[in-house]
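Asks: Data file input27.txt (compact mmCIF, C-alpha atoms) is appended below.
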# COMPACT_ATOMS: atom_id res chain seq x y z
CA MET V 27 -129.63 -1.02 -77.07
CA SER V 28 -131.90 -3.31 -75.08
CA LYS V 29 -130.52 -4.86 -71.92
CA LEU V 30 -131.69 -6.72 -68.85
CA TYR V 31 -130.05 -5.80 -65.56
CA ILE V 32 -130.30 -8.22 -62.62
CA VAL V 33 -130.23 -5.95 -59.57
CA PRO V 34 -129.78 -7.21 -55.99
CA THR V 35 -131.73 -5.35 -53.31
CA PRO V 36 -131.13 -5.25 -49.52
CA ILE V 37 -132.08 -8.33 -47.50
CA GLY V 38 -132.83 -6.06 -44.55
CA HIS V 39 -130.67 -3.01 -43.96
CA LEU V 40 -131.48 -0.43 -46.66
CA LYS V 41 -127.90 0.90 -46.71
CA ASP V 42 -126.76 -2.42 -48.20
CA ILE V 43 -127.93 -1.35 -51.65
CA THR V 44 -125.10 -0.19 -53.92
CA LEU V 45 -124.83 3.25 -55.51
CA ARG V 46 -124.67 1.58 -58.91
CA ALA V 47 -127.88 -0.35 -58.23
CA ILE V 48 -129.67 2.91 -57.46
CA ASP V 49 -128.37 4.45 -60.70
CA VAL V 50 -129.49 1.45 -62.78
CA LEU V 51 -132.97 1.45 -61.23
CA LYS V 52 -133.32 5.17 -61.94
CA GLU V 53 -132.11 4.91 -65.52
CA ALA V 54 -134.00 1.77 -66.61
CA ASP V 55 -137.15 2.09 -68.70
CA LEU V 56 -138.97 -0.53 -66.63
CA ILE V 57 -138.45 -2.33 -63.31
CA LEU V 58 -139.69 -5.91 -63.01
CA ALA V 59 -140.55 -6.50 -59.36
CA GLU V 60 -141.49 -9.68 -57.50
CA ASP V 61 -143.97 -7.70 -55.38
CA THR V 62 -144.63 -4.13 -56.50
CA ARG V 63 -145.92 -3.17 -53.03
CA THR V 64 -142.75 -4.34 -51.28
CA SER V 65 -140.48 -2.86 -53.95
CA GLY V 66 -142.51 0.35 -54.00
CA LYS V 67 -141.35 1.13 -50.47
CA LEU V 68 -137.71 0.64 -51.49
CA LEU V 69 -138.06 2.79 -54.60
CA LYS V 70 -139.82 5.55 -52.66
CA HIS V 71 -137.03 5.56 -50.06
CA PHE V 72 -134.40 6.15 -52.74
CA GLU V 73 -136.62 8.52 -54.80
CA ILE V 74 -136.76 6.17 -57.81
CA ALA V 75 -139.71 6.96 -60.10
CA THR V 76 -139.17 4.28 -62.77
CA PRO V 77 -142.39 2.41 -63.76
CA MET V 78 -142.81 -1.08 -62.29
CA GLN V 79 -144.36 -4.28 -63.58
CA SER V 80 -145.12 -7.42 -61.56
CA HIS V 81 -142.87 -10.41 -62.33
CA HIS V 82 -143.11 -13.33 -59.91
CA MET V 83 -143.15 -17.12 -59.75
CA HIS V 84 -146.88 -17.31 -60.52
CA ASN V 85 -146.77 -15.30 -63.75
CA GLU V 86 -143.20 -15.52 -65.07
CA HIS V 87 -143.96 -18.44 -67.43
CA LYS V 88 -146.76 -16.40 -69.02
CA THR V 89 -144.91 -13.07 -69.26
CA VAL V 90 -141.45 -14.11 -70.51
CA ASP V 91 -142.36 -13.99 -74.21
CA SER V 92 -143.92 -10.52 -74.01
CA LEU V 93 -140.96 -9.20 -72.02
CA ILE V 94 -138.55 -10.56 -74.63
CA GLN V 95 -140.51 -8.75 -77.33
CA LYS V 96 -140.30 -5.50 -75.33
CA LEU V 97 -136.57 -5.96 -74.88
CA LYS V 98 -136.14 -6.51 -78.60
CA THR V 99 -137.67 -3.07 -79.25
CA GLY V 100 -134.89 -1.42 -77.25
CA THR V 101 -136.39 -1.35 -73.76
CA THR V 102 -133.94 -1.45 -70.85
CA MET V 103 -135.24 -3.45 -67.89
CA ALA V 104 -134.08 -3.98 -64.32
CA LEU V 105 -135.19 -7.16 -62.52
CA ILE V 106 -135.46 -7.10 -58.72
CA SER V 107 -136.86 -9.49 -56.13
CA ASP V 108 -138.29 -8.67 -52.71
CA ALA V 109 -134.82 -9.05 -51.17
CA GLY V 110 -131.40 -10.26 -52.27
CA THR V 111 -130.26 -11.33 -55.71
CA PRO V 112 -132.94 -12.37 -58.24
CA ALA V 113 -132.86 -16.00 -59.44
CA ILE V 114 -131.38 -17.23 -56.13
CA SER V 115 -134.48 -19.06 -54.85
CA ASP V 116 -136.45 -16.21 -56.47
CA PRO V 117 -137.78 -15.45 -59.98
CA GLY V 118 -135.18 -14.56 -62.61
CA PHE V 119 -133.80 -17.72 -64.17
CA LEU V 120 -136.47 -18.08 -66.87
CA LEU V 121 -136.11 -14.52 -68.11
CA SER V 122 -132.30 -14.62 -68.00
CA ARG V 123 -132.26 -17.84 -70.01
CA ALA V 124 -134.72 -16.43 -72.55
CA CYS V 125 -132.54 -13.32 -72.98
CA ILE V 126 -129.48 -15.45 -73.68
CA GLU V 127 -131.42 -17.56 -76.19
CA ASN V 128 -132.51 -14.37 -77.98
CA ASN V 129 -129.07 -12.71 -77.90
CA ILE V 130 -130.26 -9.98 -75.54
CA GLU V 131 -127.55 -8.69 -73.26
CA ILE V 132 -127.91 -9.34 -69.53
CA GLU V 133 -125.79 -8.04 -66.68
CA CYS V 134 -126.00 -9.07 -63.03
CA LEU V 135 -124.83 -6.46 -60.55
CA PRO V 136 -123.02 -7.66 -57.41
CA GLY V 137 -124.84 -7.14 -54.16
CA ALA V 138 -126.78 -8.54 -51.26
CA THR V 139 -127.65 -12.21 -50.93
CA ALA V 140 -128.45 -14.02 -47.69
CA PHE V 141 -126.43 -17.22 -47.95
CA VAL V 142 -122.96 -15.63 -48.16
CA PRO V 143 -122.99 -13.87 -44.75
CA ALA V 144 -124.69 -16.92 -43.21
CA LEU V 145 -121.92 -19.17 -44.52
CA VAL V 146 -119.16 -16.89 -43.29
CA ASN V 147 -120.89 -16.41 -39.91
CA SER V 148 -121.23 -20.17 -39.43
CA GLY V 149 -117.55 -20.85 -38.82
CA LEU V 150 -117.92 -23.98 -40.97
CA PRO V 151 -115.55 -24.70 -43.89
CA ASN V 152 -116.33 -22.36 -46.78
CA ASP V 153 -113.64 -23.23 -49.31
CA LYS V 154 -116.13 -25.66 -50.86
CA PHE V 155 -119.89 -25.57 -50.32
CA VAL V 156 -123.22 -26.58 -51.84
CA PHE V 157 -126.21 -24.25 -52.05
CA GLU V 158 -129.40 -26.29 -51.79
CA GLY V 159 -131.98 -23.54 -51.34
CA PHE V 160 -135.34 -24.89 -50.12
CA LEU V 161 -135.67 -28.64 -49.65
CA PRO V 162 -138.65 -30.35 -51.33
CA VAL V 163 -141.68 -30.01 -49.08
CA LYS V 164 -143.05 -33.55 -49.58
CA LYS V 165 -142.24 -35.46 -52.77
CA GLY V 166 -138.52 -36.11 -53.09
CA ARG V 167 -137.60 -34.78 -49.66
CA GLN V 168 -136.47 -38.14 -48.22
CA THR V 169 -134.55 -38.98 -51.39
CA ARG V 170 -132.77 -35.63 -51.26
CA LEU V 171 -131.88 -35.96 -47.59
CA LEU V 172 -130.49 -39.47 -48.10
CA LEU V 173 -128.30 -38.17 -50.91
CA LEU V 174 -127.12 -35.14 -48.93
CA ALA V 175 -126.25 -37.33 -45.92
CA GLU V 176 -123.18 -38.41 -47.93
CA GLU V 177 -122.22 -34.85 -48.99
CA THR V 178 -118.75 -33.89 -47.68
CA ARG V 179 -118.99 -30.17 -48.50
CA THR V 180 -120.71 -27.58 -46.31
CA MET V 181 -124.39 -27.32 -47.23
CA ILE V 182 -126.60 -24.22 -47.25
CA PHE V 183 -130.39 -24.26 -47.01
CA TYR V 184 -133.16 -21.67 -46.94
CA GLU V 185 -136.12 -22.39 -44.67
CA SER V 186 -139.29 -20.71 -43.43
CA PRO V 187 -139.59 -20.15 -39.66
CA HIS V 188 -142.61 -22.45 -39.19
CA LYS V 189 -140.76 -25.36 -40.84
CA LEU V 190 -137.37 -24.88 -39.18
CA VAL V 191 -137.90 -27.28 -36.26
CA LYS V 192 -139.19 -30.00 -38.59
CA THR V 193 -136.20 -29.58 -40.90
CA LEU V 194 -133.70 -29.63 -38.02
CA GLY V 195 -135.38 -32.83 -36.84
CA HIS V 196 -134.83 -34.35 -40.28
CA PHE V 197 -131.18 -33.29 -40.16
CA CYS V 198 -130.80 -35.13 -36.85
CA GLU V 199 -132.45 -38.19 -38.36
CA TYR V 200 -130.59 -38.30 -41.68
CA PHE V 201 -127.28 -36.54 -40.93
CA GLY V 202 -126.88 -37.47 -37.26
CA GLU V 203 -127.50 -35.51 -34.06
CA ASP V 204 -123.83 -34.51 -33.78
CA ARG V 205 -123.61 -32.89 -37.23
CA PRO V 206 -122.51 -29.21 -36.86
CA VAL V 207 -125.25 -26.72 -37.73
CA SER V 208 -125.50 -22.93 -37.82
CA VAL V 209 -128.79 -21.07 -38.17
CA SER V 210 -128.71 -17.39 -39.14
CA ARG V 211 -131.95 -15.49 -38.73
CA GLU V 212 -132.98 -11.97 -39.79
CA LEU V 213 -129.58 -11.14 -41.31
CA THR V 214 -128.74 -7.39 -41.39
CA LYS V 215 -131.93 -6.60 -39.45
CA LEU V 216 -132.44 -5.35 -35.89
CA TYR V 217 -132.87 -8.82 -34.35
CA GLU V 218 -130.16 -10.61 -36.32
CA GLU V 219 -129.17 -13.87 -34.65
CA THR V 220 -126.86 -16.80 -35.36
CA VAL V 221 -127.16 -20.00 -33.32
CA ARG V 222 -124.41 -22.62 -33.67
CA GLY V 223 -124.05 -26.12 -32.27
CA THR V 224 -124.83 -29.73 -33.08
CA ALA V 225 -128.03 -30.50 -34.97
CA LYS V 226 -129.57 -31.71 -31.71
CA GLU V 227 -128.50 -28.62 -29.75
CA VAL V 228 -129.86 -26.22 -32.36
CA LEU V 229 -133.07 -28.25 -32.62
CA ASN V 230 -133.56 -28.02 -28.84
CA PHE V 231 -132.92 -24.27 -28.91
CA TYR V 232 -135.56 -23.54 -31.53
CA THR V 233 -138.01 -26.07 -30.07
CA ASN V 234 -138.00 -23.94 -26.91
CA LYS V 235 -137.79 -20.62 -28.76
CA PRO V 236 -139.96 -20.64 -31.92
CA PRO V 237 -138.17 -18.58 -34.59
CA LYS V 238 -139.39 -15.65 -36.66
CA GLY V 239 -138.09 -14.05 -39.83
CA GLU V 240 -135.93 -15.12 -42.76
CA ILE V 241 -133.70 -18.14 -42.06
CA VAL V 242 -130.53 -19.64 -43.54
CA ILE V 243 -129.25 -23.00 -42.28
CA VAL V 244 -125.61 -23.99 -42.76
CA VAL V 245 -124.72 -27.65 -42.16
CA GLY V 246 -121.27 -29.22 -41.99
CA GLY V 247 -120.50 -31.96 -44.48
CA ARG V 248 -119.93 -35.61 -43.64
CA LYS V 249 -116.43 -36.36 -42.35
Can you turn what I pasted into structure tokens?
Replies:
Amino acid sequence: MSKLYIVPTPIGHLKDITLRAIDVLKEADLILAEDTRTSGKLLKHFEIATPMQSHHMHNEHKTVDSLIQKLKTGTTMALISDAGTPAISDPGFLLSRACIENNIEIECLPGATAFVPALVNSGLPNDKFVFEGFLPVKKGRQTRLLLLAEETRTMIFYESPHKLVKTLGHFCEYFGEDRPVSVSRELTKLYEETVRGTAKEVLNFYTNKPPKGEIVIVVGGRK
């Protein structure tokens, strides 16, 4: 029977992959990878010889129909992204939705994703939270920030290192300089770092120490 597996991959430390994920990747007929070069290194490390096909944000709209047709013929596929859980700020949603619409079974394995450890590491309330992913770069950014300024739940954002200072500056402007903020960088990797403080304090820190690597920002809600 055809089936699509959504398979999380490590966000840094290779040992964070699950034994089940390795089994699924070995047993699938085809692996859909965001970047076959990046995923090729992971598959080689775990001696996985399953064929790969590129599936990323620039081609997923064009390839969904053909992938659905393959699945209907009985092909078992495993979808992976470069790191973490597919469809969380990565490709995956379109194909998952198409599978559901065509009565093709999908199963998402539990595993690595960056925002959960960042949230827990932050020390901010985590009984209720909002995952925002990446803020709009230009159009709609101000509107979104004005709306989020009234959010009472803890908020989680992804950001690139070269835009972190700008985003922290916007948080100071729209949320207030005293709003609690935690920035986790390079989670599970050698230079993992979490910096906590007010929005102004964290902004000053990264203004003086330009960041590198993958970044998750956790912001306290309005009180």
Asks: Find the spatial neighbours of region 129-141 of chain V, counting only C-alpha atoms, within a cut-off of 9 Å - ignore same-chain residues fewer than 3 positions away - and output them as a tab-separated table (two decimals) with C-alpha atoms, in the frame of the given file.
Replies:
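Writing done, so here's part_38.tsv:
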chain	number	residue	atom	x	y	z
V	27	MET	CA	-129.63	-1.02	-77.07
V	28	SER	CA	-131.90	-3.31	-75.08
V	29	LYS	CA	-130.52	-4.86	-71.92
V	30	LEU	CA	-131.69	-6.72	-68.85
V	31	TYR	CA	-130.05	-5.80	-65.56
V	32	ILE	CA	-130.30	-8.22	-62.62
V	33	VAL	CA	-130.23	-5.95	-59.57
V	34	PRO	CA	-129.78	-7.21	-55.99
V	35	THR	CA	-131.73	-5.35	-53.31
V	36	PRO	CA	-131.13	-5.25	-49.52
V	37	ILE	CA	-132.08	-8.33	-47.50
V	42	ASP	CA	-126.76	-2.42	-48.20
V	43	ILE	CA	-127.93	-1.35	-51.65
V	44	THR	CA	-125.10	-0.19	-53.92
V	46	ARG	CA	-124.67	1.58	-58.91
V	47	ALA	CA	-127.88	-0.35	-58.23
V	94	ILE	CA	-138.55	-10.56	-74.63
V	97	LEU	CA	-136.57	-5.96	-74.88
V	98	LYS	CA	-136.14	-6.51	-78.60
V	109	ALA	CA	-134.82	-9.05	-51.17
V	110	GLY	CA	-131.40	-10.26	-52.27
V	111	THR	CA	-130.26	-11.33	-55.71
V	114	ILE	CA	-131.38	-17.23	-56.13
V	122	SER	CA	-132.30	-14.62	-68.00
V	124	ALA	CA	-134.72	-16.43	-72.55
V	125	CYS	CA	-132.54	-13.32	-72.98
V	126	ILE	CA	-129.48	-15.45	-73.68
V	144	ALA	CA	-124.69	-16.92	-43.21
V	145	LEU	CA	-121.92	-19.17	-44.52
V	146	VAL	CA	-119.16	-16.89	-43.29
V	157	PHE	CA	-126.21	-24.25	-52.05
V	182	ILE	CA	-126.60	-24.22	-47.25
V	183	PHE	CA	-130.39	-24.26	-47.01
V	184	TYR	CA	-133.16	-21.67	-46.94
V	213	LEU	CA	-129.58	-11.14	-41.31
V	241	ILE	CA	-133.70	-18.14	-42.06
V	242	VAL	CA	-130.53	-19.64	-43.54
V	243	ILE	CA	-129.25	-23.00	-42.28
V	244	VAL	CA	-125.61	-23.99	-42.76
Asks: Report, in Å with one decimal, the straight-line distance from CA of Leu229 (chain V) to CA of Lys164 (chain V).
Replies: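 Calculated distance between CA of Leu229 (chain V) and CA of Lys164 (chain V) is 20.4 Å.
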Asks: Find the residue from V:Asn147, V:Ser208, V:Val245, V:Asn230 that sits nearest to Thr180 (chain V); use all atoms listed in the file when measuring.
Replies: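 That would be V:Val245, the residue with the smallest distance to Thr180 (chain V).
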Asks: Report as number ranges by chain all protein, DNA and RNA residues lying within 12 Å of Phe231 (chain V), evaluated on all atoms listed in the file, omitting residues in the same chain fewer than 4 positions from it.
Replies: V: 190-191, 194-195, 207-209, 220-227, 235-237
Asks: Give me the box for region 234-242 of chain V as lines of an AutoDock Vina configuration file, namely the centre and edge lengths in Å to one decimal of a box along x, y and z that holds every listed atom plus 4 Å on each side.
Replies:
center_x = -135.2
center_y = -19.0
center_z = -35.2
size_x = 17.4
size_y = 17.9
size_z = 24.6
Asks: Would you compute the distance between CA of Ile48 (chain V) and CA of Ile74 (chain V)? Give it in Å to one decimal.
Replies: 7.8 Å
Asks: Residues within 12 Å of (-133.7, -8.2, -34.5), file coordinates, counting all atoms listed in the file: what are they? Give the list as a CSV table (one decimal) with C-alpha atoms, keeping the file's coordinate frame.
Replies:
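So point00.csv came out as:
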chain,number,residue,atom,x,y,z
V,38,GLY,CA,-132.8,-6.1,-44.6
V,39,HIS,CA,-130.7,-3.0,-44.0
V,210,SER,CA,-128.7,-17.4,-39.1
V,211,ARG,CA,-132.0,-15.5,-38.7
V,212,GLU,CA,-133.0,-12.0,-39.8
V,213,LEU,CA,-129.6,-11.1,-41.3
V,214,THR,CA,-128.7,-7.4,-41.4
V,215,LYS,CA,-131.9,-6.6,-39.4
V,216,LEU,CA,-132.4,-5.4,-35.9
V,217,TYR,CA,-132.9,-8.8,-34.4
V,218,GLU,CA,-130.2,-10.6,-36.3
V,219,GLU,CA,-129.2,-13.9,-34.6
V,220,THR,CA,-126.9,-16.8,-35.4
V,237,PRO,CA,-138.2,-18.6,-34.6
V,238,LYS,CA,-139.4,-15.6,-36.7
V,239,GLY,CA,-138.1,-14.0,-39.8
V,240,GLU,CA,-135.9,-15.1,-42.8
Asks: Considering only C-alpha atoms, state which residue in the set V:Met83, V:Leu40, V:Leu174, V:Ala104 is at the smallest distance from Asp61 (chain V).
Replies: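 Comparing V:Met83, V:Leu40, V:Leu174, V:Ala104 against Asp61 (chain V), the winner is V:Met83.
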Asks: For Asn128 (chain V), which residue among V:Glu158, V:Gln95, V:Asn152, V:Phe201 is the nearest when counting only C-alpha atoms?
Replies: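 Among the listed residues, the smallest separation from Asn128 (chain V) belongs to V:Gln95.
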Asks: Measuring between all atoms listed in the file, which one of V:Met78, V:Met181, V:Leu105, V:Leu68 shows the shortest distance to Val50 (chain V)?
Replies: V:Leu105
Asks: Mind pulling up the distance from CA of Arg123 (chain V) to CA of Arg167 (chain V)?
Replies: 27.0 Å
Asks: So which one's closest to Leu120 (chain V), V:Lys96, V:Arg170, V:His71, V:His87? Using only C-alpha atoms, please.
Replies: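 When distances to Leu120 (chain V) are compared using only C-alpha atoms, the smallest one comes from V:His87.
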Asks: Which residue out of V:Pro206, V:Leu51, V:Lys192, V:Glu86 has the minimum interatomic distance to Lys70 (chain V) when all atoms listed in the file are used?
Replies: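 So, comparing all the options, the nearest one is V:Leu51.
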Asks: Could you add whatever atoms are missing so that region 42-57 of chain V carries N, CA, C and O atoms, then write the result as a short mmCIF file (atom, residue, chain, number, x, y, z; two decimals), in the coordinates of the input?
Replies:
data_model
loop_
_atom_site.label_atom_id
_atom_site.label_comp_id
_atom_site.auth_asym_id
_atom_site.auth_seq_id
_atom_site.Cartn_x
_atom_site.Cartn_y
_atom_site.Cartn_z
N ASP V 42 -127.52 -1.38 -47.50
CA ASP V 42 -126.76 -2.42 -48.20
C ASP V 42 -126.98 -2.40 -49.71
O ASP V 42 -126.38 -3.20 -50.43
N ILE V 43 -127.81 -1.50 -50.21
CA ILE V 43 -127.93 -1.35 -51.65
C ILE V 43 -126.71 -0.60 -52.16
O ILE V 43 -126.14 0.24 -51.46
N THR V 44 -126.27 -0.88 -53.39
CA THR V 44 -125.10 -0.19 -53.92
C THR V 44 -125.51 1.08 -54.66
O THR V 44 -126.64 1.21 -55.14
N LEU V 45 -124.58 2.01 -54.77
CA LEU V 45 -124.83 3.25 -55.51
C LEU V 45 -125.14 2.94 -56.97
O LEU V 45 -125.99 3.58 -57.59
N ARG V 46 -124.45 1.95 -57.51
CA ARG V 46 -124.67 1.58 -58.91
C ARG V 46 -126.08 1.01 -59.10
O ARG V 46 -126.73 1.28 -60.11
N ALA V 47 -126.53 0.21 -58.14
CA ALA V 47 -127.88 -0.35 -58.23
C ALA V 47 -128.92 0.75 -58.28
O ALA V 47 -129.88 0.70 -59.06
N ILE V 48 -128.75 1.78 -57.46
CA ILE V 48 -129.67 2.91 -57.46
C ILE V 48 -129.67 3.59 -58.82
O ILE V 48 -130.73 3.92 -59.38
N ASP V 49 -128.49 3.82 -59.38
CA ASP V 49 -128.37 4.45 -60.70
C ASP V 49 -129.09 3.64 -61.78
O ASP V 49 -129.83 4.18 -62.61
N VAL V 50 -128.87 2.31 -61.77
CA VAL V 50 -129.49 1.45 -62.78
C VAL V 50 -131.01 1.48 -62.66
O VAL V 50 -131.74 1.57 -63.66
N LEU V 51 -131.53 1.43 -61.44
CA LEU V 51 -132.97 1.45 -61.23
C LEU V 51 -133.58 2.78 -61.66
O LEU V 51 -134.72 2.82 -62.16
N LYS V 52 -132.83 3.86 -61.51
CA LYS V 52 -133.32 5.17 -61.94
C LYS V 52 -133.30 5.32 -63.46
O LYS V 52 -134.17 5.97 -64.05
N GLU V 53 -132.30 4.71 -64.09
CA GLU V 53 -132.11 4.91 -65.52
C GLU V 53 -132.85 3.90 -66.40
O GLU V 53 -133.03 4.12 -67.60
N ALA V 54 -133.29 2.79 -65.83
CA ALA V 54 -134.00 1.77 -66.61
C ALA V 54 -135.35 2.31 -67.11
O ALA V 54 -135.94 3.22 -66.51
N ASP V 55 -135.83 1.73 -68.19
CA ASP V 55 -137.15 2.09 -68.70
C ASP V 55 -138.26 1.43 -67.90
O ASP V 55 -139.37 1.96 -67.78
N LEU V 56 -137.97 0.24 -67.35
CA LEU V 56 -138.97 -0.53 -66.63
C LEU V 56 -138.31 -1.39 -65.57
O LEU V 56 -137.26 -1.97 -65.81
N ILE V 57 -138.92 -1.46 -64.39
CA ILE V 57 -138.45 -2.33 -63.31
C ILE V 57 -139.42 -3.50 -63.18
O ILE V 57 -140.63 -3.30 -63.04
#
